[in-house]
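What follows is one structure encoded as structure tokens, with my remarks underneath.
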Amino acid sequence: MLKNFSGRERPAFTKTIRVMRITAFLLLVACMSASASVRSQVITLKTRNVALEKVFVEIQKQSGYEFLYSTKMLKEAQPVTVDVSTSDIDEVLRQCFKKQPFSYTIIDKTIVVKPLHDKIKVDAPIIENVPAVEKIPPPIVITGKVMDEDGKPLQGASILLKGTQTGTSSNSKGEFSLEIPDNSSKVLIVSFVGMEPREINVASGKPITVALKAANKKADDVIITGIVNRKREQFTGAASVFNGEQLRSVNNLSVIQAINTLDPSFRITDNNLTGANPNVIPNIEIRGTTSVDLRTVKDEYTTNPNQPLFIIDGFEVSLRTVVDLDYNRIETLVLLKDAASTAIYGAKASNGVVVIETKKPKAGKLQLSYNADLGWELPDLTSYNMMDAKEKLTYEKLSGFYGTLTDQSNPGAGMYTAQYSRDSLYYARWARAERGVNTYWLSEPLQTGFRQSHSIYVSGGDNVTRYAAAGRYYKQSGAMKGSGNEGWETSFNLNYRPGRFNVASILRVNGGKKYESPYGSFSTYVNQNPYFTKRNPDGSINMLLDSVGALGGGSEITYNPLYNASLNNINQKTVFGFSENLQLSYNIVRGLQVSAGGYVDKSVEQSEIFLPAERTEFLNLSIYQKGSQTTGTRNLLNYQAFAQANYGTLLGGMHQLNAILRTEMQQSSNDYYEATAVGFPYGSNGNPAFSYNYSPNSKPTTSSTVFRRNSFLAQGSYSFKNRLIADGTIRYDGSTIFGSNKKYTPFWSTGIGWNMHNESWLAGSKIVNTLRLKANIGITGNQSFGTIYDASVYGFLSGLNLRGQGVEITTLGNHNLDWQKTKQVNIGADFSLFKSRLFGYANYFIKNTSPLIIPIELPASTGLASYPVNVGEQLSHGVEANIRYQIISKQRQGIIWTVGFTAILQKMKFEGFKNTLDGLNKQMTLTNSLTRFMDGYSPDDLWAVKSEGIDPATGKEIFLKKNGKYTFDYDPADMTKVGNSRPAAEGVFSTDLVYKHFTVGLYLRYVYHSDQFNSAIFNKVENISQTSLLNNLDKRALYDRWKQPGDIAQFKGISNFISTPMSSRFVQTENTISAESFTVGYSFQGAPWLKKMKMTDLHIAAYTGQLFRISTIKAERGIDYPFAHIYSLKIAASF
Amino acid sequence: MKSQIKYLAYSCTIITLFCVLCTSCKKWLDVKPQDKFLESQIYSSEQAAVMALNGLYLQMASNDLYGQNLTMGTLDIMGQMYNVPGTTTYNKVANYAYTTDEVKAIFSAVWQSAYVTVTNTNDFLDKLGTYSNQSKIKPSRDSLMRGEALGIRALIHFDMLRLFGPMYNADSVKPSIPYYRKVTPTISPLYPAKAIIDSVLDDLRAAEKLLVNDPVRQLGSATTTASDPTQAAWINRNQTFNYFAVKGLQARVYLYRGDTTSALQAAKAVIAEADPLFPWVNPPSILNDKDNPPRVMASECLFALYTPGLYTNYQNLFAPSLLDVNILAPNTTRLNATYENNTNDYRFNPVWIQAATSNKSYKTFYKYADVANSASGFRFLQAMVRKSEMYLIAAECDTASNKLNYLNTYRYNRGLAALPAGTNVATELLKEYPKEFYGEGQVFYYYKRLKLTAIKNGSATSGNVSMNAAKYVVSLPLAETQYR
């Protein structure tokens, strides 16, 4: 590698570094040629016994030509004495090289200096004790030609004698000639940038012709598992590899969203409540779920038991870290899906693993790149279908809200008085509507969100020391006013590799703030009646919208939600964190490496929620309790360390063996402290100094958890002539999650594979380029349950008496709980056919979890709430496929048009529950949940009573009993499975076109046959109570409900306030097509003006996310926070 | 190749050593929670075990149980002790509207807290045995602690039976409530009331044996401050479920079952031994001490529960500054009738005051108002079993001639004149229960035991509330029935 000395007029290569690989050498020849500018002038040299190296500098200075050579080689150089003045560079060089043991070649504007016998000797980077090349027996000369697939010659291809450092490069005609010792192996490795290398047997000595194929998925060939890099050829697991460019070609704002688009098995489960809230982290699953998720609170600290494991640069991190990571720093992302690929993570692997490698500093001249990512978020309200003022009033009238004289609840003379006031209210409102009051509340808390992210990346260094620094600033305002975040992140990479040592350090420091909207839940505005005015003519906001006497007595008060929102609310979270990732490795001998590493991650989060005293919820409290301010502090500290040995060898030229031995340990702690102060004066800024006291009779909330684990891993793989492969993994895991009886448990996997394309009978096939069949099986674990103690745990009670404090059981010990294990089977094929134009993979997988850990509900008298037990199992199987086809593949002209298709089809079911979960099922019935835990049924099944629709005669709903009879009476015992929310098939159609510097991509997600419970109909069309009638409602509540006998209506009688139970009438089948991403990009690479601006590349791309969504059902999406269409722009410049 | 193998061996050794180092640190995985205790920590010393025992008392003192619901709050509202018309918050309880959500929530909380305390009690008894070798608890202390725990288990089950169980001898064979003797996810059946009483008495008998050497038999209700904090659990025994609490509860349970002979026997045993140890309230101090009146009459309490929330509850339920909607106070006419307009009654004027500073037109309840001297020994105490109840039980159960003796001794110590021979003791007892147990939750149970079909309507100046099984028997909460 080469070092660049700046401070001179132009770049000059003056020194070669000891360690150099020939491929890199040649690669640089190809790359660097571009950076030397053309200059044709007379070269004047007059030297006497000057070192050759100095002469090179002078020539370079004068001519603009650059030299490539090895310092070690130059030790043999003779002093130069010349006197020349000519514009012919060849002449100058001839003079200088006269007495030298070197020859030279001019490629473009670069002069490559080689030892005289046209053989390049390069130091091996690792192997010091390679015997020096011994006395060479009479060499044989191999000649040949290197071409691409279309038969065009390739200049600068590298030809290397296998197992040695002997090699050469091809000339402009693609020809080469290489002398090789007769006693050496007769296999040449021919490689070229962007092409797949090939091995050619030249034992015959005849001239050869080598056609190289374009490597269209270069990054794909290595699977980074976070522990070891495996060649795909020798890997039996199912893994998807994406490089950063691929991810960033889908969108520029969210890596999670990009994987969701690119891989069928990775699924973000739509969160209908939180919509596009920028501060909510997504729920993710890979290949479905493995655990029963009964969390009532779903935030980022209650671990989602179905969340995959995330690894960045070899160490486990939280999903939050992944979400906050600078997207532009991602080099590679690997999804590990099955047992063979995830068993190395043993106890945490059941939900799949996402492995991210960040960019590592590269040697070479200082490189700088800048990325600006800008995004606009436009709230998507198309799913809302709310009434306008007159519709709402008509509805209220029809529903009987304004009373009828037949009202029996208030008989007698009072009846008329009551009716008079109701009528007055109605006509007053109607008059207002006639005057034109028709307030659209939905837009009030919304805005066009804007986000920007600027990141700078600098890297450089030589072969021994390399460094990179990255910085990023981002600021985002969400689609709801006042919500958003801003923050910064810096990272410093340092890589030091003197000889056989390698030390790598990544230091990351980040900070930021997250804000929640003062407007509260979006649903408040959706529910607001259009016949109220939001503001006075002068723009001021009234606290009270309305206060009317209710029909049944009392009064109904409606506050203006804008009043609370207009106050000085604070809801924010400040985060500061740093992490250090340090790894050392040492190559003991060829093929044997030991390494060790450590990781520390510390972060502090401060949250503050201030509700000013003026808010309506404090109206009835004493001044000592008006207003509240809650401060929370969370300290997270995480240590990890590992030690590892890798060994790899090729025995007898055909048996490739690899083995790893590794041990790991981790400790993470999470401390939380929260206190609430109350009693603030009006207009205070939320500083607790203004408070009256702490919340009465409360104490600070604290929690403190420590989690530890350690593990031992052994992995081995074997490949026979790269044709047959087998691998196996054993991991022994210990963790504090499970009781002391079962602290350790083993996990394992084993797999086999067959590279059919490497078989002789397929080697020359025109059809098959790659075909690999593989199968594996293994057992992995899941630890995301929170700690389960085998001994009882006690906590302090809040009170105190004369004997002091008292404790009570907080967690009852459970000796008999077993680890939740998942057995996974994967059978799949990777293929690449028809000159690699059709490629992809397909997998069939089984994922069975047994036993499940489920907190069961027991009668209250047992004193045990949500007692975790091992019960039943969850069986799951499915198919996933990702197939791409290059319709146009003209690499030479730079035109490639690819279409792709991904799909996942998966089925799950429970078994072995018997009656153990009846209690839980009863609770599900009571809480109106659609989920049931029943043998033979899926966790995604929706349970409700079958409905036969609305009786046209009475407007009542007719139910179907289990015995097949019709009834008006709802009975929970008649509940059956009425649908399944998991799509029968889901995936993405994609098409992308590369036309020279221009790229277009379109990703369309399809969801086929997913049953959904439409809560918009349930809550806003039908299940309207006397109180919820005061909310604005869906138009269908007015138009589609039964009004009089004979109406064939979808929904029950308009004045029927009896609560509607959940029935199959609200379960609808959804088919959806949505434009997940549409991108257009252009790269200015090669444009002359770039050079003037000292830029090497400028890339501009525009994206849209969620441009449209076509669904067969009309249901409200984004209840607390609306969804948004995203438009974004990326500008990437490198210098 | 040879060197390769050598190095391979080296590095394998290093890795193996590292592994061994880690496995040998199996202890490393024994993480003790930082904000909590493991059972091994709790039961390794007497002092920590006392904390677990003390936890039972603190749980009992919570508002869900004896801190509020089972005493001054819900139970007394059900006993028609306060004026709670439709405009007030507590009206649904006073109307026995057990199917409304508010009332369901109250009894669900009572039930759950009661059985959580039972679970803690059972766990305590179980762990005391498991760790008996390591804990070095003196055998004498061990038996005191067990005795207390058994007594608490009996008390809670008995009160759950009184609340959720049937009107006793009418249908004592029907399933009523579960009885738990150990911590288990296995569901206990609902036993007939008779079987529950049997179990309660079994536990009390066992407790009595264990508490036979209770220091309370020497100390009585004398309040002392422990100079050595580790001794705190062994003094002030009237604040624990002590020997006399066991005997007193026995009397109460026997009487509930209708076994007057055994009830009398237990009551007499207590009176005989405890009379000097638990002195009657000192008249000058309750009548004249304006700053520190002993309104709870704690010196008479065989068992009083230290209730940390007592004065907060006073502020939330009884303070004259509360709005009419939220205050618990009786109708003045009713109150005067209850105390028979007798201002000499120690329990009347000192406890019922019309505050000069408030705008209340009626007297409010001061029994649980705080006193000036924060070092007063009776602060925070809530009566659980009174000596006076023993006199009332004896008066109810003894032969005719002795009945009046007990009643008059009791009356004498309440500032009331002696009643002449020939007085109908039962009628007098009916008058005394509301006077004596205001704010203590016993009156409703008393009415239920007597199966009164009409009780005085607390929310009106006159007239009765008619009572029946539907009102006397609270239905089991959903949290229990839905999972059975």
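In the structure tokens, chains take letters A, B, ... by order of appearance, with residues numbered from 1 within each chain and ligands from 1 in the order shown.
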Inset, instruction - Could you find all residues in segment 334-440 of chain B that DSSP calls alpha helix (DSSP H) from the backbone, and write them as a ChimeraX atom specification? - result: /B:334-338,387-397,400-412,425-436
Inset, instruction - Hey, list the chain B side of the contact with chain A: 6 Å cut-off, only C-alpha atoms, answer as number ranges by chain. - result: B: 29, 35-39, 51-52, 54-55, 112, 115-116, 119, 232-233, 308, 479-480, 483
Store the residues of this selection in a file with C-alpha atoms, as a PDB file, in the first residue's frame.
```
ATOM      1  CA  LEU B  29     -23.417 -16.064  37.633  1.00  0.00           C
ATOM      2  CA  ASP B  35     -32.553  -3.557  45.011  1.00  0.00           C
ATOM      3  CA  LYS B  36     -33.994  -6.758  46.431  1.00  0.00           C
ATOM      4  CA  PHE B  37     -33.082  -9.672  48.673  1.00  0.00           C
ATOM      5  CA  LEU B  38     -32.803 -13.332  47.928  1.00  0.00           C
ATOM      6  CA  GLU B  39     -34.406 -15.779  50.323  1.00  0.00           C
ATOM      7  CA  MET B  51     -38.109  -8.147  58.427  1.00  0.00           C
ATOM      8  CA  ALA B  52     -39.997 -10.841  56.569  1.00  0.00           C
ATOM      9  CA  ASN B  54     -42.708  -7.554  59.870  1.00  0.00           C
ATOM     10  CA  GLY B  55     -43.648  -7.466  56.198  1.00  0.00           C
ATOM     11  CA  GLN B 112     -55.983 -10.131  46.458  1.00  0.00           C
ATOM     12  CA  TYR B 115     -54.269 -13.794  49.942  1.00  0.00           C
ATOM     13  CA  VAL B 116     -50.980 -12.209  48.982  1.00  0.00           C
ATOM     14  CA  THR B 119     -48.911 -16.405  50.532  1.00  0.00           C
ATOM     15  CA  ALA B 232     -37.596  -4.204  68.830  1.00  0.00           C
ATOM     16  CA  ALA B 233     -39.432  -7.313  67.706  1.00  0.00           C
ATOM     17  CA  PRO B 308     -48.200   3.885  58.987  1.00  0.00           C
ATOM     18  CA  ALA B 479     -59.871 -12.347  39.823  1.00  0.00           C
ATOM     19  CA  GLU B 480     -60.690 -15.502  41.774  1.00  0.00           C
ATOM     20  CA  TYR B 483     -59.503 -18.677  36.712  1.00  0.00           C
TER      21      TYR B 483
END
```
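The spacing separating atom CA of Pro361 of chain A from atom CA of Ala469 of chain A amounts to 8.7 Å.
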Inset, instruction - Would you please work out which residue, of B:Arg141, B:Arg379, B:Lys136, B:Arg484, is nearest to Trp234 of chain B when using only C-alpha atoms? - result: B:Arg141
Inset, instruction - Please give the complete set of residues from segment 15-227 of chain B that DSSP, run on the backbone, assigns to strand (DSSP E), formatted as a list in words. - result: Phe37, Leu38, Pro175, Ser176, Ile177, Tyr191 and Pro192 of chain B
Kindly export the residues of the current selection with N, CA and C atoms, as a PDB file, in the first residue's frame.
```pdb
ATOM      1  N   PHE B  37     -33.805  -8.658  47.917  1.00  0.00           N
ATOM      2  CA  PHE B  37     -33.082  -9.672  48.673  1.00  0.00           C
ATOM      3  C   PHE B  37     -33.459 -11.056  48.187  1.00  0.00           C
ATOM      4  N   LEU B  38     -32.491 -11.937  48.219  1.00  0.00           N
ATOM      5  CA  LEU B  38     -32.803 -13.332  47.928  1.00  0.00           C
ATOM      6  C   LEU B  38     -33.201 -14.016  49.240  1.00  0.00           C
ATOM      7  N   PRO B 175     -69.653 -24.374  49.593  1.00  0.00           N
ATOM      8  CA  PRO B 175     -68.284 -23.888  49.356  1.00  0.00           C
ATOM      9  C   PRO B 175     -68.201 -22.394  49.631  1.00  0.00           C
ATOM     10  N   SER B 176     -67.182 -21.975  50.314  1.00  0.00           N
ATOM     11  CA  SER B 176     -67.063 -20.550  50.605  1.00  0.00           C
ATOM     12  C   SER B 176     -65.767 -19.957  50.059  1.00  0.00           C
ATOM     13  N   ILE B 177     -64.668 -20.224  50.752  1.00  0.00           N
ATOM     14  CA  ILE B 177     -63.393 -19.637  50.332  1.00  0.00           C
ATOM     15  C   ILE B 177     -62.309 -20.710  50.367  1.00  0.00           C
ATOM     16  N   TYR B 191     -63.646 -24.361  50.335  1.00  0.00           N
ATOM     17  CA  TYR B 191     -64.109 -25.243  51.405  1.00  0.00           C
ATOM     18  C   TYR B 191     -65.406 -24.705  52.000  1.00  0.00           C
ATOM     19  N   PRO B 192     -66.210 -25.575  52.583  1.00  0.00           N
ATOM     20  CA  PRO B 192     -67.383 -25.097  53.310  1.00  0.00           C
ATOM     21  C   PRO B 192     -66.937 -24.242  54.502  1.00  0.00           C
TER      22      PRO B 192
END
```
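Taking only C-alpha atoms, the non-local environment of Ser1015 of chain A within 8 Å (same-chain residues fewer than 4 positions away omitted) comprises Asn1019, Lys1020, Phe1066, Ala1115 and Glu1116 of chain A.
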Inset, instruction - Excluding Gln246 of chain A and residues on its chain fewer than 2 positions from it, collect all residues at most 10 Å away from it, counting only C-alpha atoms, and give them as a list in words. - result: Val241, Phe242, Asn243, Gly244, Arg248, Ser249, Val250, Asn251, Ala258, Ile259, Leu262, Glu331, Thr332 and Leu333 of chain A
Can I get the selection written as a tab-separated table (two decimals), in the first residue's frame, with N, CA, C and O atoms?
```tsv
chain	number	residue	atom	x	y	z
A	241	VAL	N	-26.82	-11.45	3.04
A	241	VAL	CA	-25.76	-10.46	3.22
A	241	VAL	C	-26.11	-9.23	2.37
A	241	VAL	O	-26.46	-9.36	1.20
A	242	PHE	N	-26.07	-8.08	2.99
A	242	PHE	CA	-26.31	-6.85	2.25
A	242	PHE	C	-25.16	-5.92	2.53
A	242	PHE	O	-24.75	-5.76	3.68
A	243	ASN	N	-24.65	-5.28	1.48
A	243	ASN	CA	-23.65	-4.26	1.78
A	243	ASN	C	-24.34	-2.92	1.94
A	243	ASN	O	-25.51	-2.75	1.59
A	244	GLY	N	-23.60	-1.99	2.49
A	244	GLY	CA	-24.17	-0.69	2.81
A	244	GLY	C	-24.82	-0.03	1.62
A	244	GLY	O	-25.89	0.58	1.72
A	248	ARG	N	-28.59	1.30	1.32
A	248	ARG	CA	-28.84	2.73	1.12
A	248	ARG	C	-29.48	3.01	-0.23
A	248	ARG	O	-29.94	4.12	-0.47
A	249	SER	N	-29.52	1.99	-1.10
A	249	SER	CA	-30.22	2.22	-2.36
A	249	SER	C	-31.72	2.07	-2.17
A	249	SER	O	-32.51	2.45	-3.03
A	250	VAL	N	-32.15	1.53	-1.03
A	250	VAL	CA	-33.58	1.38	-0.77
A	250	VAL	C	-34.13	2.61	-0.08
A	250	VAL	O	-35.16	3.16	-0.46
A	251	ASN	N	-33.45	3.05	0.95
A	251	ASN	CA	-33.82	4.33	1.56
A	251	ASN	C	-32.60	4.88	2.26
A	251	ASN	O	-31.60	4.18	2.45
A	258	ALA	N	-34.93	-0.66	5.56
A	258	ALA	CA	-34.28	-1.19	4.35
A	258	ALA	C	-34.18	-2.70	4.39
A	258	ALA	O	-34.44	-3.37	3.38
A	259	ILE	N	-33.85	-3.28	5.55
A	259	ILE	CA	-33.78	-4.74	5.61
A	259	ILE	C	-35.17	-5.32	5.42
A	259	ILE	O	-35.37	-6.34	4.76
A	262	LEU	N	-35.69	-5.56	1.85
A	262	LEU	CA	-34.82	-6.43	1.06
A	262	LEU	C	-34.95	-7.91	1.42
A	262	LEU	O	-34.70	-8.75	0.58
A	331	GLU	N	-21.13	-0.84	6.71
A	331	GLU	CA	-20.41	-1.43	5.59
A	331	GLU	C	-21.16	-2.66	5.11
A	331	GLU	O	-21.42	-2.82	3.93
A	332	THR	N	-21.51	-3.53	6.03
A	332	THR	CA	-22.17	-4.77	5.68
A	332	THR	C	-23.21	-5.10	6.75
A	332	THR	O	-23.00	-4.80	7.92
A	333	LEU	N	-24.28	-5.70	6.31
A	333	LEU	CA	-25.29	-6.17	7.27
A	333	LEU	C	-25.65	-7.60	6.90
A	333	LEU	O	-25.90	-7.89	5.73
```
Legend entry - All residues 6 Å or closer to Asn1071 of chain A, only C-alpha atoms, same chain fewer than 3 positions away omitted, as a list in words: Val1007, Tyr1008, His1009, Ser1111 and Thr1112 of chain A
Given the selection you just returned, output its residues as a file containing C-alpha atoms, formatted as an mmCIF file, in the first residue's frame.
```cif
data_model
loop_
_atom_site.group_PDB
_atom_site.id
_atom_site.type_symbol
_atom_site.label_atom_id
_atom_site.label_comp_id
_atom_site.auth_asym_id
_atom_site.auth_seq_id
_atom_site.Cartn_x
_atom_site.Cartn_y
_atom_site.Cartn_z
ATOM 1 C CA VAL A 1007 -49.572 -8.587 1.678
ATOM 2 C CA TYR A 1008 -51.854 -11.372 0.676
ATOM 3 C CA HIS A 1009 -54.719 -12.560 2.823
ATOM 4 C CA SER A 1111 -55.776 -1.941 0.935
ATOM 5 C CA THR A 1112 -58.964 -3.913 0.697
#
```
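Every protein or nucleic acid residue with an atom no more than 10 Å from Met78 of chain B, counting only C-alpha atoms and leaving out same-chain residues fewer than 3 positions away, appears here: Gly73, Thr74, Leu75, Met81, Tyr82, Tyr90, Asn91, Lys92, Val93, Ala94, Asn95, Tyr96, Gly441, Val443, Phe444, Tyr445, Gly458, Lys471 and Tyr472 of chain B.
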Kindly export the residues of the current selection with all heavy atoms, as a compact mmCIF listing (two decimals), in the first residue's frame.
```txt
# COMPACT_ATOMS: atom_id res chain seq x y z
N GLY B 73 -62.96 2.06 56.86
CA GLY B 73 -63.53 2.42 55.57
C GLY B 73 -64.71 1.55 55.19
O GLY B 73 -65.77 1.58 55.81
N THR B 74 -64.47 0.73 54.18
CA THR B 74 -65.53 -0.05 53.55
C THR B 74 -66.40 -0.81 54.56
O THR B 74 -67.63 -0.75 54.50
CB THR B 74 -64.89 -1.05 52.58
OG1 THR B 74 -64.02 -0.31 51.72
CG2 THR B 74 -65.93 -1.75 51.75
N LEU B 75 -65.76 -1.52 55.50
CA LEU B 75 -66.54 -2.38 56.40
C LEU B 75 -67.46 -1.56 57.29
O LEU B 75 -68.60 -1.95 57.56
CB LEU B 75 -65.58 -3.22 57.25
CG LEU B 75 -65.47 -4.69 56.88
CD1 LEU B 75 -66.78 -5.43 57.23
CD2 LEU B 75 -65.18 -4.91 55.42
N MET B 81 -72.34 2.94 59.49
CA MET B 81 -71.81 3.79 60.53
C MET B 81 -71.74 5.25 60.09
O MET B 81 -71.51 6.12 60.92
CB MET B 81 -70.40 3.32 60.94
CG MET B 81 -70.32 1.85 61.30
SD MET B 81 -71.16 1.45 62.84
CE MET B 81 -69.85 1.75 64.00
N TYR B 82 -71.82 5.50 58.79
CA TYR B 82 -71.65 6.88 58.33
C TYR B 82 -72.84 7.28 57.47
O TYR B 82 -73.58 6.45 56.95
CB TYR B 82 -70.37 7.02 57.50
CG TYR B 82 -69.13 6.51 58.16
CD1 TYR B 82 -68.51 5.35 57.71
CD2 TYR B 82 -68.57 7.17 59.25
CE1 TYR B 82 -67.37 4.86 58.30
CE2 TYR B 82 -67.43 6.69 59.86
CZ TYR B 82 -66.83 5.53 59.39
OH TYR B 82 -65.70 5.06 59.99
N TYR B 90 -69.05 7.25 48.49
CA TYR B 90 -69.09 5.89 49.03
C TYR B 90 -70.47 5.25 48.98
O TYR B 90 -70.67 4.18 49.52
CB TYR B 90 -68.59 5.91 50.49
CG TYR B 90 -67.33 6.70 50.67
CD1 TYR B 90 -67.35 8.00 51.15
CD2 TYR B 90 -66.10 6.14 50.31
CE1 TYR B 90 -66.19 8.72 51.29
CE2 TYR B 90 -64.94 6.87 50.46
CZ TYR B 90 -64.98 8.17 50.94
OH TYR B 90 -63.83 8.87 51.07
N ASN B 91 -71.38 5.94 48.33
CA ASN B 91 -72.77 5.50 48.37
C ASN B 91 -73.00 4.08 47.87
O ASN B 91 -73.81 3.34 48.41
CB ASN B 91 -73.62 6.48 47.57
CG ASN B 91 -75.06 6.07 47.51
OD1 ASN B 91 -75.50 5.52 46.53
ND2 ASN B 91 -75.77 6.29 48.62
N LYS B 92 -72.23 3.68 46.86
CA LYS B 92 -72.45 2.34 46.29
C LYS B 92 -72.11 1.25 47.29
O LYS B 92 -72.74 0.20 47.31
CB LYS B 92 -71.64 2.18 45.01
CG LYS B 92 -72.16 3.07 43.88
CD LYS B 92 -71.85 2.51 42.51
CE LYS B 92 -72.62 3.24 41.44
NZ LYS B 92 -71.89 4.37 40.85
N VAL B 93 -71.10 1.52 48.12
CA VAL B 93 -70.74 0.54 49.15
C VAL B 93 -71.87 0.47 50.17
O VAL B 93 -72.31 -0.62 50.58
CB VAL B 93 -69.41 0.92 49.84
CG1 VAL B 93 -69.09 -0.06 50.96
CG2 VAL B 93 -68.28 0.96 48.83
N ALA B 94 -72.37 1.64 50.57
CA ALA B 94 -73.43 1.67 51.57
C ALA B 94 -74.69 0.97 51.07
O ALA B 94 -75.49 0.47 51.85
CB ALA B 94 -73.75 3.12 51.95
N ASN B 95 -74.85 0.95 49.75
CA ASN B 95 -76.01 0.26 49.16
C ASN B 95 -75.72 -1.19 48.81
O ASN B 95 -76.53 -1.83 48.14
CB ASN B 95 -76.48 1.01 47.92
CG ASN B 95 -77.22 2.26 48.31
OD1 ASN B 95 -77.90 2.30 49.34
ND2 ASN B 95 -77.07 3.30 47.51
N TYR B 96 -74.55 -1.66 49.20
CA TYR B 96 -74.17 -3.06 48.95
C TYR B 96 -74.26 -3.40 47.45
O TYR B 96 -74.68 -4.48 47.06
CB TYR B 96 -75.03 -4.02 49.77
CG TYR B 96 -75.12 -3.61 51.22
CD1 TYR B 96 -76.21 -2.90 51.70
CD2 TYR B 96 -74.08 -3.90 52.09
CE1 TYR B 96 -76.27 -2.49 53.02
CE2 TYR B 96 -74.13 -3.49 53.42
CZ TYR B 96 -75.23 -2.79 53.89
OH TYR B 96 -75.27 -2.38 55.19
N GLY B 441 -64.46 -1.77 62.06
CA GLY B 441 -64.91 -2.77 61.09
C GLY B 441 -65.61 -3.98 61.66
O GLY B 441 -65.97 -4.90 60.92
N VAL B 443 -68.54 -4.06 63.36
CA VAL B 443 -70.00 -3.99 63.52
C VAL B 443 -70.74 -4.76 62.43
O VAL B 443 -71.70 -5.47 62.70
CB VAL B 443 -70.44 -2.50 63.57
CG1 VAL B 443 -71.94 -2.40 63.68
CG2 VAL B 443 -69.75 -1.83 64.74
N PHE B 444 -70.27 -4.64 61.19
CA PHE B 444 -70.93 -5.36 60.10
C PHE B 444 -70.92 -6.87 60.35
O PHE B 444 -71.92 -7.56 60.19
CB PHE B 444 -70.23 -5.02 58.78
CG PHE B 444 -70.75 -5.79 57.60
CD1 PHE B 444 -71.98 -5.46 57.02
CD2 PHE B 444 -70.05 -6.87 57.07
CE1 PHE B 444 -72.47 -6.17 55.94
CE2 PHE B 444 -70.55 -7.58 56.00
CZ PHE B 444 -71.76 -7.23 55.42
N TYR B 445 -69.76 -7.36 60.78
CA TYR B 445 -69.65 -8.80 61.07
C TYR B 445 -70.60 -9.19 62.22
O TYR B 445 -71.17 -10.28 62.23
CB TYR B 445 -68.21 -9.16 61.47
CG TYR B 445 -67.17 -8.93 60.40
CD1 TYR B 445 -65.94 -8.39 60.73
CD2 TYR B 445 -67.40 -9.30 59.06
CE1 TYR B 445 -64.96 -8.20 59.77
CE2 TYR B 445 -66.42 -9.10 58.10
CZ TYR B 445 -65.21 -8.55 58.45
OH TYR B 445 -64.26 -8.37 57.51
N GLY B 458 -77.67 4.31 58.10
CA GLY B 458 -76.72 5.37 58.48
C GLY B 458 -76.88 6.64 57.67
O GLY B 458 -76.48 7.71 58.10
N LYS B 471 -76.91 -9.09 50.73
CA LYS B 471 -76.15 -7.93 51.21
C LYS B 471 -75.05 -8.34 52.17
O LYS B 471 -73.98 -7.73 52.22
CB LYS B 471 -77.10 -6.94 51.90
CG LYS B 471 -78.03 -6.24 50.91
CD LYS B 471 -78.95 -5.26 51.62
CE LYS B 471 -79.82 -4.53 50.61
NZ LYS B 471 -80.82 -3.69 51.28
N TYR B 472 -75.32 -9.37 52.95
CA TYR B 472 -74.32 -9.81 53.93
C TYR B 472 -73.16 -10.56 53.28
O TYR B 472 -72.05 -10.56 53.80
CB TYR B 472 -74.96 -10.71 54.99
CG TYR B 472 -75.64 -9.93 56.12
CD1 TYR B 472 -76.93 -10.25 56.52
CD2 TYR B 472 -74.95 -8.93 56.80
CE1 TYR B 472 -77.55 -9.57 57.56
CE2 TYR B 472 -75.56 -8.25 57.84
CZ TYR B 472 -76.85 -8.56 58.22
OH TYR B 472 -77.43 -7.88 59.25
```
